[in-house]
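Here is the file start15.cif (mmCIF, C-alpha atoms).
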data_coords
#
loop_
_atom_site.group_PDB
_atom_site.id
_atom_site.type_symbol
_atom_site.label_atom_id
_atom_site.label_comp_id
_atom_site.auth_asym_id
_atom_site.auth_seq_id
_atom_site.Cartn_x
_atom_site.Cartn_y
_atom_site.Cartn_z
ATOM 1 C CA MET A 26 -83.765 9.676 64.823
ATOM 2 C CA THR A 27 -81.997 12.718 66.272
ATOM 3 C CA THR A 28 -78.906 10.659 66.907
ATOM 4 C CA ASN A 29 -78.886 9.318 63.355
ATOM 5 C CA ARG A 30 -79.290 12.794 61.850
ATOM 6 C CA SER A 31 -76.471 14.210 63.999
ATOM 7 C CA SER A 32 -74.180 11.341 63.017
ATOM 8 C CA GLN A 33 -75.029 11.901 59.325
ATOM 9 C CA LYS A 34 -74.177 15.615 59.665
ATOM 10 C CA THR A 35 -70.919 14.746 61.365
ATOM 11 C CA SER A 36 -70.025 12.272 58.600
ATOM 12 C CA ALA A 37 -70.870 14.822 55.908
ATOM 13 C CA SER A 38 -68.743 17.506 57.550
ATOM 14 C CA ILE A 39 -65.813 15.113 57.852
ATOM 15 C CA SER A 40 -66.026 14.113 54.185
ATOM 16 C CA HIS A 41 -65.555 17.747 53.152
ATOM 17 C CA LYS A 42 -62.452 18.285 55.241
ATOM 18 C CA PRO A 43 -59.058 18.223 53.489
ATOM 19 C CA THR A 44 -57.624 14.733 53.468
ATOM 20 C CA GLY A 45 -54.015 15.904 53.841
ATOM 21 C CA THR A 46 -51.591 18.762 53.590
ATOM 22 C CA VAL A 47 -49.607 19.640 50.479
ATOM 23 C CA ARG A 48 -45.846 19.182 50.624
ATOM 24 C CA TRP A 49 -44.663 22.320 48.869
ATOM 25 C CA ARG A 50 -41.378 20.726 47.932
ATOM 26 C CA SER A 51 -43.206 18.096 45.885
ATOM 27 C CA VAL A 52 -44.889 20.768 43.745
ATOM 28 C CA ALA A 53 -42.007 23.257 43.623
ATOM 29 C CA LEU A 54 -38.869 21.151 43.072
ATOM 30 C CA PRO A 55 -38.170 18.352 40.580
ATOM 31 C CA ALA A 56 -37.899 14.824 41.922
ATOM 32 C CA GLU A 57 -34.983 13.879 39.665
ATOM 33 C CA HIS A 58 -31.582 14.986 40.958
ATOM 34 C CA GLY A 59 -29.479 14.488 37.839
ATOM 35 C CA GLY A 60 -30.921 17.579 36.194
ATOM 36 C CA TRP A 61 -29.447 19.844 38.850
ATOM 37 C CA GLY A 62 -25.910 19.146 37.668
ATOM 38 C CA MET A 63 -26.865 19.877 34.058
ATOM 39 C CA LEU A 64 -28.425 23.153 35.223
ATOM 40 C CA ILE A 65 -25.757 24.404 37.623
ATOM 41 C CA SER A 66 -22.599 23.567 35.648
ATOM 42 C CA PRO A 67 -23.176 25.823 32.598
ATOM 43 C CA ILE A 68 -24.494 28.688 34.715
ATOM 44 C CA LEU A 69 -21.547 28.474 37.094
ATOM 45 C CA LEU A 70 -19.159 28.365 34.125
ATOM 46 C CA GLY A 71 -20.767 31.489 32.713
ATOM 47 C CA PHE A 72 -20.514 33.369 36.007
ATOM 48 C CA LEU A 73 -16.855 32.401 36.437
ATOM 49 C CA VAL A 74 -15.819 33.306 32.876
ATOM 50 C CA VAL A 75 -18.161 36.109 31.739
ATOM 51 C CA PRO A 76 -19.906 37.607 34.801
ATOM 52 C CA SER A 77 -22.337 40.491 34.254
ATOM 53 C CA LEU A 78 -25.743 41.771 35.308
ATOM 54 C CA THR A 79 -27.174 40.324 32.103
ATOM 55 C CA ALA A 80 -25.755 36.944 33.159
ATOM 56 C CA VAL A 81 -27.708 37.203 36.419
ATOM 57 C CA PHE A 82 -30.975 37.782 34.561
ATOM 58 C CA LEU A 83 -30.268 34.959 32.102
ATOM 59 C CA ALA A 84 -29.506 32.590 34.978
ATOM 60 C CA LEU A 85 -32.751 33.588 36.698
ATOM 61 C CA ALA A 86 -34.736 32.896 33.510
ATOM 62 C CA ILE A 87 -33.160 29.497 32.827
ATOM 63 C CA ILE A 88 -33.397 28.328 36.475
ATOM 64 C CA ALA A 89 -37.049 29.378 36.725
ATOM 65 C CA SER A 90 -37.773 27.633 33.407
ATOM 66 C CA PHE A 91 -36.173 24.449 34.725
ATOM 67 C CA LEU A 92 -38.179 24.569 37.953
ATOM 68 C CA ALA A 93 -41.471 25.453 36.242
ATOM 69 C CA ARG A 94 -41.632 22.000 34.646
ATOM 70 C CA THR A 95 -42.629 20.364 37.946
ATOM 71 C CA PRO A 96 -45.761 22.410 38.800
ATOM 72 C CA LEU A 97 -46.709 22.551 35.092
ATOM 73 C CA LYS A 98 -46.789 18.749 34.892
ATOM 74 C CA ILE A 99 -48.914 18.552 38.049
ATOM 75 C CA VAL A 100 -51.439 21.135 36.815
ATOM 76 C CA TRP A 101 -51.615 19.488 33.390
ATOM 77 C CA LYS A 102 -52.086 15.930 34.655
ATOM 78 C CA ASP A 103 -54.706 16.950 37.238
ATOM 79 C CA SER A 104 -56.622 18.953 34.644
ATOM 80 C CA GLN A 105 -56.571 15.938 32.314
ATOM 81 C CA LYS A 106 -58.261 13.941 35.071
ATOM 82 C CA GLY A 107 -60.951 16.620 35.334
ATOM 83 C CA ARG A 108 -60.308 17.047 39.049
ATOM 84 C CA ARG A 109 -58.794 19.710 41.224
ATOM 85 C CA PHE A 110 -56.851 18.647 44.298
ATOM 86 C CA ALA A 111 -55.152 20.679 46.991
ATOM 87 C CA ARG A 112 -51.864 20.048 45.231
ATOM 88 C CA THR A 113 -53.336 21.450 42.007
ATOM 89 C CA THR A 114 -53.996 24.805 43.640
ATOM 90 C CA ALA A 115 -50.545 24.815 45.220
ATOM 91 C CA ALA A 116 -48.911 23.922 41.914
ATOM 92 C CA MET A 117 -50.779 26.735 40.140
ATOM 93 C CA LYS A 118 -49.451 29.239 42.663
ATOM 94 C CA VAL A 119 -45.884 27.964 42.327
ATOM 95 C CA LEU A 120 -46.180 27.948 38.535
ATOM 96 C CA ALA A 121 -47.365 31.562 38.570
ATOM 97 C CA LEU A 122 -44.326 32.494 40.667
ATOM 98 C CA TYR A 123 -41.919 30.733 38.301
ATOM 99 C CA VAL A 124 -43.522 32.304 35.225
ATOM 100 C CA SER A 125 -43.119 35.717 36.871
ATOM 101 C CA LEU A 126 -39.431 35.009 37.463
ATOM 102 C CA ILE A 127 -39.032 33.897 33.839
ATOM 103 C CA VAL A 128 -40.558 37.171 32.640
ATOM 104 C CA VAL A 129 -38.331 39.165 34.989
ATOM 105 C CA GLY A 130 -35.269 37.204 33.866
ATOM 106 C CA PHE A 131 -35.831 37.580 30.135
ATOM 107 C CA GLY A 132 -37.119 41.131 30.496
ATOM 108 C CA GLY A 133 -34.138 42.154 32.607
ATOM 109 C CA ALA A 134 -31.671 40.525 30.207
ATOM 110 C CA LEU A 135 -33.322 42.298 27.277
ATOM 111 C CA TYR A 136 -33.318 45.662 29.053
ATOM 112 C CA VAL A 137 -29.681 45.445 30.199
ATOM 113 C CA GLY A 138 -28.047 43.523 27.351
ATOM 114 C CA GLY A 139 -30.378 43.905 24.356
ATOM 115 C CA TRP A 140 -31.443 41.147 21.982
ATOM 116 C CA ARG A 141 -28.023 39.623 21.339
ATOM 117 C CA PRO A 142 -27.667 37.646 24.615
ATOM 118 C CA LEU A 143 -31.156 36.196 24.093
ATOM 119 C CA LEU A 144 -30.466 34.772 20.646
ATOM 120 C CA PRO A 145 -29.018 31.404 21.856
ATOM 121 C CA LEU A 146 -32.056 30.874 24.071
ATOM 122 C CA LEU A 147 -34.421 31.738 21.212
ATOM 123 C CA ALA A 148 -32.496 29.304 18.994
ATOM 124 C CA VAL A 149 -33.235 26.390 21.364
ATOM 125 C CA LEU A 150 -36.930 27.281 21.742
ATOM 126 C CA PRO A 151 -38.015 24.410 19.436
ATOM 127 C CA LEU A 152 -36.003 22.008 21.592
ATOM 128 C CA LEU A 153 -37.709 23.412 24.703
ATOM 129 C CA LEU A 154 -41.117 22.730 23.129
ATOM 130 C CA PHE A 155 -39.871 19.227 22.318
ATOM 131 C CA LEU A 156 -39.008 18.685 25.998
ATOM 132 C CA LEU A 157 -42.397 20.043 27.097
ATOM 133 C CA TYR A 158 -44.081 17.526 24.821
ATOM 134 C CA PHE A 159 -42.296 14.662 26.573
ATOM 135 C CA ASP A 160 -43.064 16.195 29.989
ATOM 136 C CA LEU A 161 -46.786 16.428 29.308
ATOM 137 C CA PHE A 162 -47.531 13.547 26.939
ATOM 138 C CA SER A 163 -44.786 10.977 27.453
ATOM 139 C CA SER A 164 -41.797 10.585 29.772
ATOM 140 C CA SER A 165 -38.885 13.028 30.087
ATOM 141 C CA ARG A 166 -36.738 10.187 31.440
ATOM 142 C CA GLN A 167 -36.343 8.613 28.032
ATOM 143 C CA LEU A 168 -32.897 8.850 26.489
ATOM 144 C CA LEU A 169 -33.691 11.368 23.726
ATOM 145 C CA PRO A 170 -35.161 14.137 25.949
ATOM 146 C CA GLU A 171 -32.371 13.562 28.470
ATOM 147 C CA LEU A 172 -29.810 14.188 25.723
ATOM 148 C CA VAL A 173 -31.649 17.276 24.476
ATOM 149 C CA ALA A 174 -32.072 18.886 27.921
ATOM 150 C CA PRO A 175 -28.397 19.920 28.354
ATOM 151 C CA ILE A 176 -28.484 21.753 25.019
ATOM 152 C CA VAL A 177 -31.356 23.904 26.284
ATOM 153 C CA LEU A 178 -29.970 24.459 29.768
ATOM 154 C CA SER A 179 -26.481 25.341 28.506
ATOM 155 C CA SER A 180 -27.759 27.958 26.056
ATOM 156 C CA ALA A 181 -27.588 30.619 28.784
ATOM 157 C CA THR A 182 -23.791 30.219 28.808
ATOM 158 C CA ALA A 183 -23.545 31.373 25.189
ATOM 159 C CA GLY A 184 -25.884 34.251 26.002
ATOM 160 C CA MET A 185 -23.634 35.316 28.873
ATOM 161 C CA ALA A 186 -20.628 35.283 26.550
ATOM 162 C CA LEU A 187 -22.455 37.372 23.942
ATOM 163 C CA ALA A 188 -23.453 39.836 26.648
ATOM 164 C CA ALA A 189 -19.756 40.229 27.468
ATOM 165 C CA GLY A 190 -19.028 41.127 23.849
ATOM 166 C CA TRP A 191 -17.609 37.791 22.706
ATOM 167 C CA ALA A 192 -17.685 36.861 19.036
ATOM 168 C CA TRP A 193 -20.123 34.117 18.055
ATOM 169 C CA PRO A 194 -17.542 31.336 17.482
ATOM 170 C CA TYR A 195 -16.060 31.772 20.964
ATOM 171 C CA ALA A 196 -19.508 32.062 22.583
ATOM 172 C CA LEU A 197 -20.614 28.824 20.909
ATOM 173 C CA ALA A 198 -17.374 27.128 21.973
ATOM 174 C CA LEU A 199 -18.055 28.138 25.594
ATOM 175 C CA TRP A 200 -21.566 26.708 25.200
ATOM 176 C CA LEU A 201 -20.033 23.475 23.924
ATOM 177 C CA ILE A 202 -17.862 22.828 27.003
ATOM 178 C CA PRO A 203 -20.713 21.807 29.370
ATOM 179 C CA LEU A 204 -22.286 19.820 26.519
ATOM 180 C CA LEU A 205 -19.093 17.821 26.008
ATOM 181 C CA HIS A 206 -19.427 16.859 29.662
ATOM 182 C CA ALA A 207 -23.197 16.407 30.028
ATOM 183 C CA VAL A 208 -24.152 14.433 26.906
ATOM 184 C CA PRO A 209 -21.498 11.683 27.277
ATOM 185 C CA ALA A 210 -22.126 11.636 31.048
ATOM 186 C CA ILE A 211 -25.786 10.755 30.512
ATOM 187 C CA LEU A 212 -24.780 7.723 28.454
ATOM 188 C CA TYR A 213 -22.127 6.810 31.026
ATOM 189 C CA VAL A 214 -24.483 6.935 34.006
ATOM 190 C CA ARG A 215 -27.139 4.899 32.195
ATOM 191 C CA ALA A 216 -24.543 2.300 31.173
ATOM 192 C CA ARG A 217 -23.058 2.103 34.654
ATOM 193 C CA ILE A 218 -26.426 1.581 36.334
ATOM 194 C CA ARG A 219 -27.398 -1.136 33.844
ATOM 195 C CA MET A 220 -24.014 -2.791 34.224
ATOM 196 C CA ASP A 221 -24.412 -2.942 38.007
ATOM 197 C CA LYS A 222 -27.813 -4.562 37.482
ATOM 198 C CA HIS A 223 -26.220 -7.157 35.175
ATOM 199 C CA ARG A 224 -28.154 -5.906 32.155
ATOM 200 C CA ALA A 225 -27.031 -4.999 28.636
ATOM 201 C CA ALA A 226 -25.142 -1.807 29.326
ATOM 202 C CA GLY A 227 -23.984 -0.129 26.131
ATOM 203 C CA ALA A 228 -20.636 0.555 27.766
ATOM 204 C CA ARG A 229 -18.704 0.621 24.498
ATOM 205 C CA THR A 230 -21.028 3.232 23.054
ATOM 206 C CA ALA A 231 -20.625 5.417 26.142
ATOM 207 C CA VAL A 232 -16.824 5.201 26.032
ATOM 208 C CA PHE A 233 -16.819 5.847 22.277
ATOM 209 C CA ILE A 234 -18.905 9.022 22.675
ATOM 210 C CA HIS A 235 -16.549 10.156 25.444
ATOM 211 C CA ALA A 236 -13.602 9.593 23.086
ATOM 212 C CA LEU A 237 -15.295 11.671 20.371
ATOM 213 C CA ALA A 238 -15.952 14.446 22.890
ATOM 214 C CA ALA A 239 -12.309 14.391 23.984
ATOM 215 C CA LEU A 240 -11.088 14.540 20.374
ATOM 216 C CA LEU A 241 -13.398 17.468 19.623
ATOM 217 C CA ALA A 242 -12.240 19.304 22.746
ATOM 218 C CA ILE A 243 -8.588 18.753 21.844
ATOM 219 C CA ALA A 244 -9.245 20.027 18.306
ATOM 220 C CA LEU A 245 -11.017 23.153 19.612
ATOM 221 C CA ALA A 246 -8.161 23.796 22.025
ATOM 222 C CA ALA A 247 -5.601 23.358 19.236
ATOM 223 C CA ILE A 248 -7.210 26.125 17.152
ATOM 224 C CA GLY A 249 -7.692 28.389 20.158
ATOM 225 C CA TYR A 250 -11.458 28.289 20.662
ATOM 226 C CA ILE A 251 -11.348 26.759 24.157
ATOM 227 C CA PRO A 252 -8.485 26.599 26.691
ATOM 228 C CA ALA A 253 -6.274 23.537 26.948
ATOM 229 C CA LEU A 254 -7.425 22.977 30.534
ATOM 230 C CA ALA A 255 -10.990 22.524 29.289
ATOM 231 C CA ALA A 256 -9.796 19.879 26.846
ATOM 232 C CA LEU A 257 -7.871 18.221 29.680
ATOM 233 C CA ALA A 258 -11.050 18.049 31.763
ATOM 234 C CA ILE A 259 -12.985 16.391 28.920
ATOM 235 C CA PHE A 260 -10.111 13.934 28.418
ATOM 236 C CA MET A 261 -10.222 13.061 32.137
ATOM 237 C CA LEU A 262 -13.944 12.396 31.811
ATOM 238 C CA MET A 263 -13.143 9.894 29.056
ATOM 239 C CA LEU A 264 -10.673 8.113 31.350
ATOM 240 C CA ARG A 265 -13.273 8.062 34.116
ATOM 241 C CA ALA A 266 -15.797 6.394 31.812
ATOM 242 C CA ALA A 267 -13.264 3.876 30.477
ATOM 243 C CA ILE A 268 -12.273 2.771 33.988
ATOM 244 C CA ASN A 269 -15.722 2.798 35.592
ATOM 245 C CA LEU A 270 -17.281 0.842 32.738
ATOM 246 C CA SER A 271 -14.586 -1.823 32.706
ATOM 247 C CA THR A 272 -14.129 -5.011 34.706
ATOM 248 C CA TYR A 273 -11.843 -2.995 37.017
ATOM 249 C CA ARG A 274 -14.612 -0.603 38.015
ATOM 250 C CA PRO A 275 -14.934 0.213 41.743
ATOM 251 C CA THR A 276 -18.125 -0.674 43.576
ATOM 252 C CA MET A 277 -20.500 2.288 43.775
ATOM 253 C CA THR A 278 -24.067 2.853 44.899
ATOM 254 C CA VAL A 279 -26.409 4.943 42.774
ATOM 255 C CA GLN A 280 -26.066 7.787 45.281
ATOM 256 C CA GLN A 281 -22.277 7.616 45.129
ATOM 257 C CA LEU A 282 -22.458 7.617 41.344
ATOM 258 C CA GLY A 283 -24.611 10.739 41.415
ATOM 259 C CA TRP A 284 -22.302 12.605 43.789
ATOM 260 C CA SER A 285 -19.244 11.591 41.787
ATOM 261 C CA GLU A 286 -20.827 13.035 38.641
ATOM 262 C CA ILE A 287 -21.482 16.313 40.444
ATOM 263 C CA ALA A 288 -17.807 16.350 41.439
ATOM 264 C CA PHE A 289 -16.674 15.653 37.860
ATOM 265 C CA GLY A 290 -18.978 18.398 36.615
ATOM 266 C CA LEU A 291 -17.464 20.897 39.051
ATOM 267 C CA MET A 292 -13.983 19.756 38.036
ATOM 268 C CA THR A 293 -14.824 20.448 34.395
ATOM 269 C CA VAL A 294 -16.191 23.893 35.222
ATOM 270 C CA LEU A 295 -13.249 24.913 37.429
ATOM 271 C CA LEU A 296 -10.542 23.669 35.065
ATOM 272 C CA SER A 297 -12.256 25.361 32.130
ATOM 273 C CA ALA A 298 -12.651 28.632 34.036
ATOM 274 C CA MET A 299 -9.008 28.541 35.115
ATOM 275 C CA GLY A 300 -8.051 28.069 31.474
ATOM 276 C CA TYR A 301 -9.919 31.216 30.483
ATOM 277 C CA TRP A 302 -8.484 33.169 33.419
ATOM 278 C CA PHE A 303 -4.885 32.408 32.503
ATOM 279 C CA ILE A 304 -5.126 32.797 28.715
#

Using structure tokens, write down the structure that the file contains.
Amino acid sequence: MTTNRSSQKTSASISHKPTGTVRWRSVALPAEHGGWGMLISPILLGFLVVPSLTAVFLALAIIASFLARTPLKIVWKDSQKGRRFARTTAAMKVLALYVSLIVVGFGGALYVGGWRPLLPLLAVLPLLLFLLYFDLFSSSRQLLPELVAPIVLSSATAGMALAAGWAWPYALALWLIPLLHAVPAILYVRARIRMDKHRAAGARTAVFIHALAALLAIALAAIGYIPALAALAIFMLMLRAAINLSTYRPTMTVQQLGWSEIAFGLMTVLLSAMGYWFI
């Protein structure tokens, strides 16, 4: 009897021990890698073209908002199950940190630059709520939220320009540059992956949207709203899509495709920044 009771106590104590450790990276950083390019490119463009202390605070707010999605989804989904895991507690702590950084970012931008630099971010607030809906109730990897995300993430670029005293048309044009890269690129990457899997790709649509983006960039450059080098970068993106979605496309793995898009994003940012520097 004594032996049985001791074994029951031992079993009970074991059942209450944690079953595993929490990997903080899994609750603090997003699993998808494509979003990083959409986040970094507009912020880097803003820092290179219109650097300021307000720009630092805006970047902090938008980066923390991007990162907060991961722990928020974990906390929400676990709460919907009516259970609290070790990862739930960790995610709540990380979420609290990110929310604090968001408050510091927006508060600092407001204190240093006033309301004007915040107006583009306030304008995209409905789109942010739209993205949160897909994060919590559906899937953010659907095409529509993926196309909306760059609009939200790039809004900080316009805010940086307004903080530097730019007029609204030129601030919006600066905002448009990363969008003319990101939105067509999303369609291109999706088409390229489907094409490599021998599925219906939508390659013509992707190339057509790239052509429209190039035409818009050329028109904006012609009337002086963006530099010619920015239009050249968007035109090169169109050529990249036309070649890589054709029968002459080079063989690429998904990882190589991702790294090449990061490189094209940096090319767009650097050429655009150089255009503003030498105007």

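Nearest residue to A:Ala134, choosing from A:Gly184, A:Pro175, A:Gly290, A:Gly107 and counting all atoms listed in the file: A:Gly184.
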
Item checked: Output check: residues returned by the PyMOL selection byres ((chain A and resi 250) around 12), as a count of residues only -> 31

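Omitting A:Thr182 and its sequence neighbours fewer than 6 positions away, and counting only C-alpha atoms, the residues within 10 Å are A:Ser66, A:Pro67, A:Ile68, A:Leu69, A:Leu70, A:Gly71, A:Phe72, A:Val74, A:Val75, A:Ala80, A:Leu83, A:Ala84, A:Pro142, A:Pro145, A:Leu146, A:Ala188, A:Ala196, A:Leu197, A:Ala198, A:Leu199, A:Trp200, A:Leu201, A:Ile202, A:Pro203.
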
Write the residues you've just listed into a file as a short mmCIF file (atom, residue, chain, number, x, y, z; two decimals), in the frame of the given file, and include C-alpha atoms for each of them.
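selection12.cif written:
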data_model
loop_
_atom_site.label_atom_id
_atom_site.label_comp_id
_atom_site.auth_asym_id
_atom_site.auth_seq_id
_atom_site.Cartn_x
_atom_site.Cartn_y
_atom_site.Cartn_z
CA SER A 66 -22.60 23.57 35.65
CA PRO A 67 -23.18 25.82 32.60
CA ILE A 68 -24.49 28.69 34.72
CA LEU A 69 -21.55 28.47 37.09
CA LEU A 70 -19.16 28.36 34.12
CA GLY A 71 -20.77 31.49 32.71
CA PHE A 72 -20.51 33.37 36.01
CA VAL A 74 -15.82 33.31 32.88
CA VAL A 75 -18.16 36.11 31.74
CA ALA A 80 -25.76 36.94 33.16
CA LEU A 83 -30.27 34.96 32.10
CA ALA A 84 -29.51 32.59 34.98
CA PRO A 142 -27.67 37.65 24.62
CA PRO A 145 -29.02 31.40 21.86
CA LEU A 146 -32.06 30.87 24.07
CA ALA A 188 -23.45 39.84 26.65
CA ALA A 196 -19.51 32.06 22.58
CA LEU A 197 -20.61 28.82 20.91
CA ALA A 198 -17.37 27.13 21.97
CA LEU A 199 -18.06 28.14 25.59
CA TRP A 200 -21.57 26.71 25.20
CA LEU A 201 -20.03 23.48 23.92
CA ILE A 202 -17.86 22.83 27.00
CA PRO A 203 -20.71 21.81 29.37
#

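Remark: for A:Trp61, the closest of the candidate residues A:Leu126, A:Ile99, A:Ala207, A:Met185 is A:Ala207 (distances computed over all atoms listed in the file).
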
Checklist line | Residues within 12 Å of A:Gly283, only C-alpha atoms, excluding chain neighbours under 3 positions, as number ranges by chain | finding: A: 57-63, 210-211, 213-215, 217-218, 277-280, 286-290

Next item on the list: Write out as a PyMOL selection string the residues lying within 12 Å of A:Tyr123, counting all atoms listed in the file and excluding same-chain residues fewer than 4 positions away.
Entry: chain A and resi 52-54+85-97+116-119+127-130

Checklist line | Shortest interatomic distance to A:Ser163 - which of A:Thr293, A:Lys102, A:Ala186, A:Arg50, counting all atoms listed in the file | finding: A:Lys102

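For the choices A:Leu120, A:Ala226, A:Ala216, A:Phe82, the atom-to-atom distance to A:Trp49 is smallest for A:Leu120 when using only C-alpha atoms.
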
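Counting from atom CA of A:Ala231, the distance to atom CA of A:Pro209 is 6.4 Å.
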
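Residues within 12 Å of A:Leu152, counting only C-alpha atoms and excluding same-chain residues fewer than 3 positions away, are A:Pro145, A:Leu146, A:Leu147, A:Ala148, A:Val149, A:Phe155, A:Leu156, A:Leu157, A:Tyr158, A:Phe159, A:Leu169, A:Pro170, A:Glu171, A:Leu172, A:Val173, A:Ala174, A:Pro175, A:Ile176, A:Val177, A:Leu178, A:Ser180.
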
Note to self: If I take atom CA of A:Val208 and atom CA of A:Ile234, how far is one from the other in Å, to one decimal?
What the structure shows: 8.6 Å

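Put simply, atom CA of A:Gly138 is 13.0 Å away from atom CA of A:Ala181.
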
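Closest approach to A:Leu168 among A:Leu212, A:Thr79, A:Leu153, A:Met220: A:Leu212, based on all atoms listed in the file.
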
Put the listed atoms of stretch 149-155 of chain A in a box along x, y and z with 5 Å added on every side and give me the centre and edge lengths in Å to one decimal, as AutoDock Vina command-line options.
--center_x -37.2 --center_y 23.3 --center_z 22.1 --size_x 17.9 --size_y 18.1 --size_z 15.3

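Proximity to A:Ser77 was assessed for A:Val100, A:Leu262, A:Leu64, A:Ala189 counting all atoms listed in the file; the smallest distance is recorded for A:Ala189.
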